[in-house]
>>> print(open('coords.txt').read())   # compact mmCIF, C-alpha atoms
# COMPACT_ATOMS: atom_id res chain seq x y z
CA MET A 1 -4.27 -12.46 -24.23
CA GLY A 2 -7.33 -13.74 -22.38
CA MET A 3 -10.82 -12.33 -22.53
CA ALA A 4 -10.60 -11.43 -18.87
CA SER A 5 -8.36 -8.47 -19.78
CA GLN A 6 -11.40 -6.58 -20.98
CA ASN A 7 -13.06 -6.90 -17.58
CA ASP A 8 -9.98 -6.53 -15.44
CA PRO A 9 -9.73 -3.07 -13.91
CA ASP A 10 -6.05 -3.76 -13.19
CA TYR A 11 -5.22 -4.37 -16.85
CA PRO A 12 -3.51 -1.00 -17.49
CA LEU A 13 -1.41 -1.31 -14.33
CA ILE A 14 -0.35 -4.86 -15.15
CA LEU A 15 0.78 -3.78 -18.61
CA LYS A 16 3.01 -1.12 -17.07
CA ILE A 17 4.48 -3.61 -14.62
CA LYS A 18 5.21 -6.04 -17.44
CA LYS A 19 7.10 -3.27 -19.19
CA GLY A 20 9.29 -2.79 -16.14
CA ASP A 21 7.53 -0.12 -14.07
CA SER A 22 7.84 -1.82 -10.67
CA GLU A 23 6.66 1.25 -8.75
CA VAL A 24 3.17 0.73 -10.11
CA PHE A 25 3.02 -2.60 -8.30
CA ALA A 26 2.67 -0.70 -5.02
CA ILE A 27 -0.79 0.44 -6.15
CA LEU A 28 -1.90 -3.17 -6.48
CA VAL A 29 -0.40 -4.05 -3.11
CA ASP A 30 -2.30 -1.24 -1.42
CA LYS A 31 -5.49 -2.22 -3.19
CA TYR A 32 -5.47 -5.92 -2.32
CA LYS A 33 -3.51 -6.27 0.90
CA GLN A 34 -6.60 -5.96 3.10
CA PRO A 35 -8.87 -8.44 1.28
CA LEU A 36 -5.94 -10.82 0.94
CA MET A 37 -5.24 -10.57 4.64
CA ASN A 38 -8.91 -11.18 5.45
CA MET A 39 -8.91 -14.41 3.49
CA LEU A 40 -5.55 -15.64 4.74
CA VAL A 41 -6.27 -15.09 8.43
CA ARG A 42 -9.35 -17.23 8.11
CA ILE A 43 -7.36 -20.01 6.47
CA VAL A 44 -4.32 -20.19 8.73
CA HIS A 45 -5.95 -18.79 11.90
CA ASP A 46 -2.89 -16.71 12.72
CA PRO A 47 -2.76 -12.98 11.87
CA VAL A 48 1.05 -12.82 12.02
CA GLU A 49 1.48 -15.81 9.73
CA ALA A 50 -1.27 -14.48 7.46
CA GLU A 51 0.59 -11.22 6.97
CA ASP A 52 3.79 -13.06 6.07
CA LEU A 53 1.88 -15.16 3.60
CA ALA A 54 0.24 -12.08 2.09
CA GLN A 55 3.67 -10.53 1.54
CA SER A 56 4.95 -13.74 -0.02
CA ALA A 57 1.93 -13.86 -2.31
CA PHE A 58 2.56 -10.35 -3.61
CA ILE A 59 6.27 -11.05 -4.10
CA GLN A 60 5.54 -14.27 -5.92
CA ALA A 61 2.95 -12.55 -8.11
CA TYR A 62 5.44 -9.83 -9.03
CA ARG A 63 8.13 -12.36 -9.94
CA ALA A 64 5.69 -14.29 -12.12
CA ILE A 65 4.05 -11.26 -13.70
CA ASP A 66 5.50 -12.06 -17.12
CA ARG A 67 3.61 -15.35 -17.08
CA PHE A 68 0.28 -13.71 -16.20
CA ASN A 69 -1.69 -13.72 -19.44
CA PHE A 70 -5.07 -12.30 -18.33
CA SER A 71 -6.83 -15.65 -18.61
CA SER A 72 -8.44 -14.50 -15.35
CA ARG A 73 -8.59 -11.23 -13.46
CA PHE A 74 -5.46 -10.29 -11.57
CA ILE A 75 -7.28 -10.55 -8.24
CA THR A 76 -8.29 -14.14 -9.03
CA TRP A 77 -4.71 -15.05 -9.88
CA LEU A 78 -3.36 -13.30 -6.79
CA PHE A 79 -5.82 -15.02 -4.47
CA THR A 80 -4.99 -18.38 -6.04
CA ILE A 81 -1.29 -17.85 -5.28
CA ALA A 82 -2.09 -16.74 -1.74
CA ARG A 83 -4.39 -19.67 -1.02
CA ASN A 84 -1.81 -22.16 -2.29
CA LEU A 85 0.80 -20.62 0.00
CA ALA A 86 -1.62 -20.88 2.91
CA LEU A 87 -2.38 -24.52 2.16
CA ASN A 88 1.36 -25.26 2.04
CA GLU A 89 1.63 -23.69 5.47
CA LEU A 90 -1.21 -25.84 6.78
CA ARG A 91 0.46 -28.96 5.36
CA ARG A 92 3.74 -27.94 6.97
CA ARG A 93 1.97 -27.57 10.31
CA SER A 94 0.36 -30.97 9.98
CA ARG A 95 3.85 -32.45 9.86
CA HIS A 96 4.72 -30.54 13.06
CA PRO A 97 2.04 -31.28 15.68
CA ALA A 98 3.32 -28.54 17.94
CA ASP A 99 1.78 -26.03 15.51
CA SER A 100 -1.57 -27.84 15.28
CA LEU A 101 -4.62 -26.29 13.67
CA GLU A 102 -6.66 -26.44 16.87
CA GLN A 103 -4.09 -24.35 18.65
CA SER A 104 -4.25 -21.89 15.78
CA VAL A 105 -8.06 -21.72 15.96
CA GLU A 106 -7.77 -20.88 19.64
CA THR A 107 -5.18 -18.26 18.78
CA GLU A 108 -7.49 -16.68 16.26
CA GLU A 109 -10.46 -16.72 18.60
CA LYS A 110 -8.35 -15.08 21.30
CA SER A 111 -6.94 -12.52 18.89
CA PHE A 112 -10.31 -11.09 17.87
CA THR A 113 -11.96 -11.36 21.28
CA GLN A 114 -9.08 -9.60 22.96
CA GLN A 115 -9.62 -6.66 20.65
CA TYR A 116 -12.91 -6.11 22.40
CA GLU A 117 -11.82 -7.04 25.91
CA ASP A 118 -9.00 -4.52 25.84
CA LYS A 119 -11.29 -1.51 25.52
CA LYS A 120 -10.68 0.97 28.30
CA SER A 121 -14.02 2.77 28.06
CA PRO A 122 -17.42 1.22 28.94
CA ILE A 123 -18.85 -0.62 26.01
CA PRO A 124 -22.42 0.20 24.94
CA TYR A 125 -24.81 -2.74 25.16
CA GLU A 126 -25.38 -2.72 21.43
CA ASP A 127 -21.67 -3.06 20.77
CA ILE A 128 -21.46 -5.94 23.19
CA VAL A 129 -24.25 -7.73 21.39
CA LYS A 130 -22.64 -7.02 18.03
CA SER A 131 -19.30 -8.23 19.35
CA GLU A 132 -20.81 -11.48 20.54
CA LEU A 133 -22.63 -11.96 17.26
CA ILE A 134 -19.52 -11.38 15.18
CA TYR A 135 -17.66 -13.72 17.49
CA LYS A 136 -20.25 -16.41 16.88
CA VAL A 137 -20.07 -15.93 13.13
CA GLU A 138 -16.27 -16.13 13.15
CA GLU A 139 -16.42 -19.19 15.35
CA ALA A 140 -18.91 -20.94 13.06
CA LEU A 141 -16.85 -19.95 10.02
CA ALA A 142 -13.64 -21.24 11.59
CA ARG A 143 -15.21 -24.67 12.07
CA LEU A 144 -16.04 -25.11 8.39
CA PRO A 145 -13.68 -27.07 6.12
CA GLU A 146 -11.14 -24.73 4.57
CA ASN A 147 -12.56 -24.88 1.05
CA GLN A 148 -16.07 -23.97 2.22
CA ARG A 149 -14.78 -21.19 4.42
CA THR A 150 -12.62 -19.70 1.68
CA ALA A 151 -15.34 -19.98 -0.93
CA ILE A 152 -17.87 -18.20 1.29
CA ILE A 153 -15.43 -15.41 2.15
CA LEU A 154 -14.63 -14.86 -1.52
CA PHE A 155 -18.30 -15.00 -2.47
CA GLN A 156 -19.52 -12.74 0.29
CA GLN A 157 -16.74 -10.31 0.96
CA GLU A 158 -14.89 -10.09 -2.32
CA ASP A 159 -17.95 -10.38 -4.52
CA MET A 160 -16.18 -12.86 -6.79
CA SER A 161 -18.20 -14.76 -9.35
CA TYR A 162 -18.65 -18.51 -9.10
CA GLU A 163 -16.25 -18.92 -12.04
CA GLU A 164 -13.54 -16.92 -10.32
CA ILE A 165 -13.97 -18.75 -7.04
CA ALA A 166 -13.73 -22.04 -8.95
CA LYS A 167 -10.35 -20.94 -10.28
CA VAL A 168 -9.10 -20.02 -6.83
CA LEU A 169 -10.25 -23.33 -5.39
CA GLY A 170 -9.06 -25.29 -8.40
CA CYS A 171 -12.34 -27.12 -8.93
CA SER A 172 -15.28 -27.12 -11.31
CA LEU A 173 -18.07 -24.57 -11.39
CA SER A 174 -20.68 -27.04 -10.17
CA ALA A 175 -18.40 -28.22 -7.36
CA THR A 176 -17.85 -24.62 -6.31
CA LYS A 177 -21.57 -23.91 -6.11
CA SER A 178 -22.02 -27.07 -4.09
CA ILE A 179 -19.20 -26.11 -1.74
CA ILE A 180 -20.70 -22.68 -1.13
CA HIS A 181 -24.19 -24.10 -0.64
CA ARG A 182 -23.01 -26.71 1.88
CA GLY A 183 -21.00 -24.15 3.78
CA ARG A 184 -23.90 -21.72 3.99
CA GLU A 185 -26.29 -24.45 5.13
CA THR A 186 -23.89 -25.38 7.92
CA LEU A 187 -23.55 -21.73 8.96
CA LYS A 188 -27.31 -21.22 8.92
CA GLN A 189 -27.75 -24.17 11.24
CA ALA A 190 -25.00 -22.98 13.59
CA LEU A 191 -26.33 -19.41 13.67
CA LYS A 192 -30.06 -20.11 13.55
CA PRO A 193 -30.94 -18.36 16.84
CA TYR A 194 -29.10 -15.24 15.77
CA LEU A 195 -30.56 -15.19 12.30
CA LYS A 196 -34.06 -15.37 13.71
CA SER A 197 -33.50 -12.80 16.42
CA GLY A 198 -32.91 -9.99 13.96
CA GLU A 199 -29.73 -8.80 15.63
CA TRP A 200 -28.03 -8.80 12.28
CA ARG A 201 -30.33 -6.08 11.04
CA GLU A 202 -28.36 -3.27 12.68
CA GLY A 203 -26.97 -1.23 9.85
CA SER A 204 -23.49 -0.50 11.14
CA GLU A 205 -20.70 -0.33 8.61
CA THR A 206 -17.99 -2.97 8.63
CA LYS A 207 -15.70 -2.47 11.57
CA LYS A 208 -12.05 -3.31 11.91
CA TYR A 209 -10.80 -5.41 14.74
CA ASN A 210 -8.65 -2.61 16.11
CA ASP A 211 -11.30 0.11 15.89
CA THR A 212 -11.99 1.85 19.23
CA MET B 1 -41.31 -7.79 11.06
CA LYS B 2 -40.80 -10.23 8.23
CA LEU B 3 -38.55 -9.06 5.47
CA LEU B 4 -40.60 -10.74 2.80
CA GLU B 5 -44.34 -11.30 3.07
CA PRO B 6 -45.78 -14.08 0.90
CA VAL B 7 -48.25 -12.63 -1.56
CA GLY B 8 -49.12 -15.71 -3.62
CA LEU B 9 -47.85 -17.92 -6.38
CA LEU B 10 -47.92 -16.95 -10.02
CA ASN B 11 -49.37 -19.63 -12.27
CA ASN B 12 -48.45 -18.42 -15.71
CA GLY B 13 -45.02 -18.11 -17.40
CA THR B 14 -43.49 -20.74 -15.17
CA ALA B 15 -40.27 -21.17 -17.19
CA MET B 16 -39.53 -17.49 -17.14
CA ASN B 17 -40.29 -17.28 -13.41
CA LYS B 18 -37.72 -19.97 -12.68
CA THR B 19 -34.98 -17.98 -14.39
CA GLU B 20 -36.08 -14.83 -12.64
CA LEU B 21 -36.38 -16.73 -9.36
CA ASN B 22 -32.84 -18.06 -9.62
CA LYS B 23 -31.55 -14.62 -10.40
CA LEU B 24 -33.36 -13.13 -7.41
CA LYS B 25 -32.11 -15.93 -5.16
CA GLU B 26 -28.57 -15.12 -6.27
CA LEU B 27 -29.09 -11.50 -5.33
CA ALA B 28 -30.47 -12.63 -1.97
CA LEU B 29 -27.38 -14.78 -1.37
CA LYS B 30 -25.21 -11.77 -2.01
CA GLY B 31 -27.42 -9.57 0.15
CA LEU B 32 -28.13 -7.31 -2.83
CA LEU B 33 -31.92 -7.43 -2.99
CA ASP B 34 -33.58 -4.06 -3.41
CA GLU B 35 -37.19 -3.34 -2.44
CA LYS B 36 -38.53 -4.04 -5.88
CA SER B 37 -36.70 -7.38 -6.05
CA LYS B 38 -37.92 -8.28 -2.59
CA ALA B 39 -41.51 -7.65 -3.63
CA ARG B 40 -41.05 -9.71 -6.75
CA LEU B 41 -39.58 -12.58 -4.74
CA SER B 42 -42.56 -12.46 -2.44
CA GLN B 43 -44.77 -13.11 -5.42
CA LEU B 44 -42.79 -16.12 -6.57
CA LEU B 45 -42.27 -18.10 -3.35
CA ASN B 46 -44.39 -19.79 -0.74
CA SER B 47 -43.99 -19.02 2.96
CA GLU B 48 -41.53 -21.83 3.65
CA GLU B 49 -39.31 -20.85 0.74
CA LEU B 50 -39.51 -17.23 1.79
CA ALA B 51 -38.34 -18.17 5.27
CA GLN B 52 -35.31 -19.87 3.75
CA ILE B 53 -34.54 -16.83 1.63
CA GLU B 54 -34.85 -14.61 4.68
CA GLN B 55 -32.28 -16.73 6.47
CA ASP B 56 -29.99 -16.53 3.45
CA ILE B 57 -30.31 -12.76 3.37
CA ALA B 58 -29.64 -12.56 7.09
CA LEU B 59 -26.56 -14.77 6.83
CA SER B 60 -25.24 -12.75 3.89
CA LYS B 61 -25.64 -9.52 5.82
CA LEU B 62 -23.80 -11.01 8.78
CA LEU B 63 -20.95 -12.29 6.63
CA GLN B 64 -20.59 -8.90 5.02
CA LYS B 65 -20.19 -7.36 8.45
CA LEU B 66 -17.22 -9.50 9.37
CA PRO B 67 -14.46 -7.15 10.44
CA SER B 68 -11.18 -6.74 8.64
CA TYR B 69 -7.97 -7.85 10.26
CA PRO B 70 -5.33 -5.14 10.70
CA VAL B 71 -2.47 -4.95 8.24
CA SER B 72 0.87 -3.42 9.24
CA SER B 73 1.25 0.18 8.17
CA ASN B 74 4.57 -0.60 6.45
CA PHE B 75 3.26 -3.68 4.64
CA THR B 76 3.50 -2.16 1.16
CA ASP B 77 6.93 -0.72 1.87
CA ARG B 78 8.26 -4.12 2.93
CA VAL B 79 6.89 -5.79 -0.21
CA MET B 80 8.35 -3.12 -2.49
CA GLU B 81 11.70 -3.25 -0.73
CA THR B 82 11.88 -6.99 -1.27
CA ILE B 83 11.01 -6.92 -4.94
CA GLN B 84 13.25 -3.98 -5.72
CA THR B 85 16.36 -5.12 -3.88
CA LYS B 86 16.32 -8.86 -4.54
CA GLU B 87 15.15 -8.96 -8.11
CA PRO B 88 16.98 -7.76 -11.22
CA GLU B 89 15.35 -5.29 -13.59
CA VAL B 90 12.56 -6.78 -15.62
CA VAL B 91 13.87 -7.21 -19.17
CA ASN B 92 11.67 -5.34 -21.57
CA ILE B 93 11.97 -7.88 -24.35
CA PRO B 94 10.73 -11.20 -23.00
CA PHE B 95 12.02 -13.27 -25.91
CA LEU B 96 15.63 -12.14 -25.50
CA ARG B 97 15.30 -12.69 -21.77
CA LEU B 98 14.15 -16.24 -22.42
CA ILE B 99 17.14 -16.89 -24.68
CA TRP B 100 19.53 -15.38 -22.14
CA GLN B 101 18.07 -17.42 -19.32
CA ASN B 102 18.29 -20.60 -21.34
CA LEU B 103 21.87 -19.96 -22.45
CA THR B 104 23.02 -19.47 -18.90
CA GLY B 105 20.82 -22.19 -17.60
CA LYS B 106 20.33 -25.75 -18.53
CA LEU B 107 20.45 -25.52 -22.33
CA VAL B 108 24.24 -25.22 -22.71
CA PRO B 109 25.34 -28.34 -20.84
CA VAL B 110 22.53 -30.37 -22.34
CA SER B 111 23.42 -29.16 -25.82
CA LEU B 112 27.08 -30.00 -25.33
CA LEU B 113 26.16 -33.47 -24.20
CA ILE B 114 23.94 -34.02 -27.21
CA ILE B 115 26.61 -32.71 -29.58
CA SER B 116 29.26 -34.93 -28.00
CA ILE B 117 27.07 -37.98 -28.36
CA ALA B 118 26.29 -37.07 -31.96
CA ILE B 119 29.95 -36.61 -32.86
CA GLY B 120 30.88 -39.86 -31.16
CA TYR B 121 28.19 -41.74 -33.01
CA MET B 122 29.14 -40.21 -36.35
CA SER B 123 32.79 -41.11 -35.80
CA TYR B 124 31.91 -44.66 -34.87
CA ASN B 125 29.66 -44.96 -37.89
CA GLU B 126 32.35 -43.59 -40.17
CA ALA B 127 34.92 -46.02 -38.80
CA ARG B 128 32.52 -48.91 -39.18
CA LYS B 129 31.80 -48.00 -42.79
CA THR B 130 35.50 -47.71 -43.52
CA LYS B 131 36.17 -51.09 -42.01
CA LEU B 132 33.32 -52.65 -43.93
CA ALA B 133 34.50 -51.12 -47.17
CA GLY B 134 37.97 -52.43 -46.52
CA SER B 135 36.60 -55.90 -45.91
CA ILE B 136 34.61 -55.82 -49.13
CA ILE B 137 37.69 -54.75 -51.10
CA GLU B 138 39.68 -57.54 -49.55
CA LEU B 139 37.03 -60.09 -50.36
CA GLU B 140 36.78 -58.87 -53.94
CA ARG B 141 40.48 -59.16 -54.47
CA VAL B 142 40.61 -62.53 -52.85
CA ALA B 143 37.76 -63.65 -55.05
CA MET B 144 39.79 -62.56 -58.08
CA LEU B 145 42.59 -64.91 -57.20
CA ASP B 146 42.67 -67.90 -59.46
CA GLY B 147 43.29 -70.91 -57.31
CA LYS B 148 45.07 -72.81 -60.11
CA ASN B 149 47.38 -70.06 -61.35
CA SER B 150 48.42 -68.79 -57.99
CA GLY B 151 48.97 -72.19 -56.62
CA LEU B 152 46.54 -71.52 -53.85
CA SER B 153 43.59 -73.61 -52.87
CA VAL B 154 40.36 -72.62 -51.20
CA GLU B 155 41.49 -74.50 -48.14
CA VAL B 156 44.03 -71.87 -47.49
CA PHE B 157 41.36 -69.18 -47.29
CA LYS B 158 39.48 -70.88 -44.58
CA ASP B 159 41.88 -69.25 -42.20
CA PHE B 160 40.73 -65.62 -42.24
CA ASP B 161 43.74 -64.40 -40.33
CA VAL B 162 45.85 -65.63 -43.21
CA ILE B 163 43.74 -63.70 -45.64
CA GLN B 164 44.21 -60.63 -43.53
CA LYS B 165 47.97 -60.95 -43.86
CA MET B 166 47.78 -61.05 -47.62
CA ASN B 167 49.26 -57.96 -49.13
CA LEU B 168 46.46 -56.80 -51.42
CA ALA B 169 47.79 -53.30 -52.08
CA GLY B 170 47.91 -52.31 -55.68
CA SER B 171 46.10 -53.74 -58.72
CA SER B 172 47.65 -57.13 -58.58
CA SER B 173 47.32 -59.32 -55.64
CA MET B 174 50.50 -59.45 -53.66
CA VAL B 175 50.22 -62.38 -51.40
CA ASP B 176 52.60 -63.57 -48.85
CA LEU B 177 53.65 -66.61 -50.87
CA GLU B 178 56.07 -67.78 -48.25
CA LEU B 179 53.40 -67.88 -45.62
CA LEU B 180 50.92 -69.51 -47.90
CA THR B 181 53.42 -72.15 -48.93
CA ALA B 182 54.16 -72.83 -45.30
CA LEU B 183 50.51 -73.20 -44.56
CA LYS B 184 50.00 -75.43 -47.55
CA ASN B 185 52.74 -77.75 -46.42
CA GLN B 186 51.27 -78.06 -42.92
>>> encode(input="coords.txt", output="structure tokens")
Amino acid sequence: MGMASQNDPDYPLILKIKKGDSEVFAILVDKYKQPLMNMLVRIVHDPVEAEDLAQSAFIQAYRAIDRFNFSSRFITWLFTIARNLALNELRRRSRHPADSLEQSVETEEKSFTQQYEDKKSPIPYEDIVKSELIYKVEEALARLPENQRTAIILFQQEDMSYEEIAKVLGCSLSATKSIIHRGRETLKQALKPYLKSGEWREGSETKKYNDT
Amino acid sequence: MKLLEPVGLLNNGTAMNKTELNKLKELALKGLLDEKSKARLSQLLNSEELAQIEQDIALSKLLQKLPSYPVSSNFTDRVMETIQTKEPEVVNIPFLRLIWQNLTGKLVPVSLLIISIAIGYMSYNEARKTKLAGSIIELERVAMLDGKNSGLSVEVFKDFDVIQKMNLAGSSSMVDLELLTALKNQ
């Protein structure tokens, strides 16, 4: 059994699942469905497809649970499965031009802007500014290469270590740091006016796209 | 208002400051700098470096504010339904499960094929050995024949088919004298 078992908060649950307690798996699904969804949407640029992929990732993880030996944390393993499924989907799309990536980027941009445009009540100025800012960040993120985008999301939102991100990406530690650095530099350039303006300083908690 | 005001560079303990600096930069990348760390960073960097760190902090804060995408309310139910209806019970003893899977899988036909080949080879080998032994016995008995007493000459034995027809059963050589005589007179 790997050393990661000592640091894996899911270790007790995994042991139960390995012994046949499938009901316990629902706890892991509830715990990781949101972060998994957040990563997958930003890879495939399609919330509907992302949810299907998230389900497939959980199902695949359950079926392979006997082979999981705690050489990494469960979340790292799960995200690796999910990313590989997403990349397969992107490769499938590349063979079918009708489902091109650009169309999917437009779909994603529309999906999160429409969440704001559909509000029935007047929107406070501050929310409008925040909406535009978040839109710009998502737009800049969407234009990064997939590996940079994924690495930054995992680093920033999931608080994964460089070693864990390296496992998800399937590359070396130094390559991972380089990928994250390059991605951040590109984002800083794209968002320079907003970073200087101080708009990001507003201390609102993380919103959901369907919050009213 | 600047997040980090440059205070000045420290000149002593450079090696230790680099380690500390890298650690603080990591915290800045993650957006986890507290006030004390911010002050410390101010002491270690010049104004240009501080500006870069400020941008990193700002970007990190922005990335952390990215909204979550909605997940269907029955997501977990759908996953659990799939794994519980389409998959058999997880066998508690993995080793037995492995054996069972292999027996019903690829191992049986492959094993049968290997066994068949082995049996075939052994049979062929056995037959070849028997044939060789028989040939040796024949040669020995033929070698025992005295050309003068039996009235046979070596010339006769040049025809191996003839030798094969010789009746060598028993301790004494029983040759087909008629055939040999006929051959001799040819």
>>> closest_residue(input="coords.txt", among="B:Glu140, B:Asp34, B:Glu126, B:Glu81", to="chain A", atoms="all atoms listed in the file")
B:Glu81
>>> closest_atom_pairs(input="coords.txt", of="chain A", to="chain B", cutoff="9 Å", atoms="all atoms listed in the file", output="CSV")
residue,atom,partner,partner_atom,distance
A:Ile17,CA,B:Val90,CA,8.7
A:Lys18,CA,B:Val90,CA,7.6
A:Lys19,CA,B:Asn92,CA,5.6
A:Gly20,CA,B:Val90,CA,5.2
A:Asp21,CA,B:Val90,CA,8.5
A:Ser22,CA,B:Gln84,CA,7.6
A:Glu23,CA,B:Met80,CA,7.8
A:Phe25,CA,B:Met80,CA,7.9
A:Ala26,CA,B:Thr76,CA,6.4
A:Ile27,CA,B:Thr76,CA,8.9
A:Val29,CA,B:Thr76,CA,6.1
A:Asp30,CA,B:Thr76,CA,6.4
A:Lys33,CA,B:Val71,CA,7.5
A:Gln34,CA,B:Val71,CA,6.7
A:Pro35,CA,B:Ser68,CA,7.9
A:Met37,CA,B:Tyr69,CA,6.8
A:Asn38,CA,B:Ser68,CA,5.9
A:Val41,CA,B:Tyr69,CA,7.7
A:Pro47,CA,B:Tyr69,CA,7.5
A:Glu51,CA,B:Val71,CA,7.1
A:Gln55,CA,B:Val79,CA,6.0
A:Ser56,CA,B:Val79,CA,8.2
A:Phe58,CA,B:Val79,CA,7.1
A:Ile59,CA,B:Ile83,CA,6.3
A:Tyr62,CA,B:Ile83,CA,7.5
A:Arg63,CA,B:Ile83,CA,7.9
A:Asp66,CA,B:Pro94,CA,7.9
A:Phe112,CA,B:Tyr69,CA,8.6
A:Leu133,CA,B:Leu62,CA,8.6
A:Ile134,CA,B:Leu66,CA,6.5
A:Val137,CA,B:Leu63,CA,7.5
A:Glu138,CA,B:Leu66,CA,7.7
A:Ile152,CA,B:Leu63,CA,8.5
A:Ile153,CA,B:Leu63,CA,7.8
A:Phe155,CA,B:Lys30,CA,7.6
A:Gln156,CA,B:Gln64,CA,6.2
A:Gln157,CA,B:Gln64,CA,5.8
A:Asp159,CA,B:Lys30,CA,7.8
A:Arg184,CA,B:Leu59,CA,8.0
A:Glu185,CA,B:Asp56,CA,8.9
A:Leu187,CA,B:Leu59,CA,7.9
A:Lys188,CA,B:Leu59,CA,6.8
A:Leu191,CA,B:Leu59,CA,8.3
A:Lys192,CA,B:Gln55,CA,8.2
A:Leu195,CA,B:Ala58,CA,5.9
A:Lys196,CA,B:Gln55,CA,7.6
A:Gly198,CA,B:Ala58,CA,8.0
A:Trp200,CA,B:Leu62,CA,5.9
A:Arg201,CA,B:Ala58,CA,7.6
A:Ser204,CA,B:Lys65,CA,8.1
A:Glu205,CA,B:Lys65,CA,7.1
A:Thr206,CA,B:Lys65,CA,4.9
A:Lys207,CA,B:Pro67,CA,5.0
A:Lys208,CA,B:Pro67,CA,4.8
A:Tyr209,CA,B:Tyr69,CA,5.8
A:Asn210,CA,B:Pro70,CA,6.8
>>> atom_distance(input="coords.txt", atom1="CA of Leu144 (chain A)", atom2="CA of Thr186 (chain A)")
7.9 Å
>>> atom_distance(input="coords.txt", atom1="CA of Gln101 (chain B)", atom2="CA of Asn88 (chain A)")
28.2 Å
>>> residues_around(input="coords.txt", residues="Trp77 (chain A)", least_positions_apart="4", cutoff="12 Å", atoms="all atoms listed in the file", output="ChimeraX atom specification")
/A:4,8,10,32,36,57-58,60-62,64-65,67-73,81-84,164-170
>>> atom_distance(input="coords.txt", atom1="CA of Ala151 (chain A)", atom2="CA of Leu44 (chain B)")
28.3 Å
>>> closest_residue(input="coords.txt", among="B:Glu26, B:Leu183, B:Glu35, B:Glu20", to="Lys177 (chain A)", atoms="all atoms listed in the file")
B:Glu26
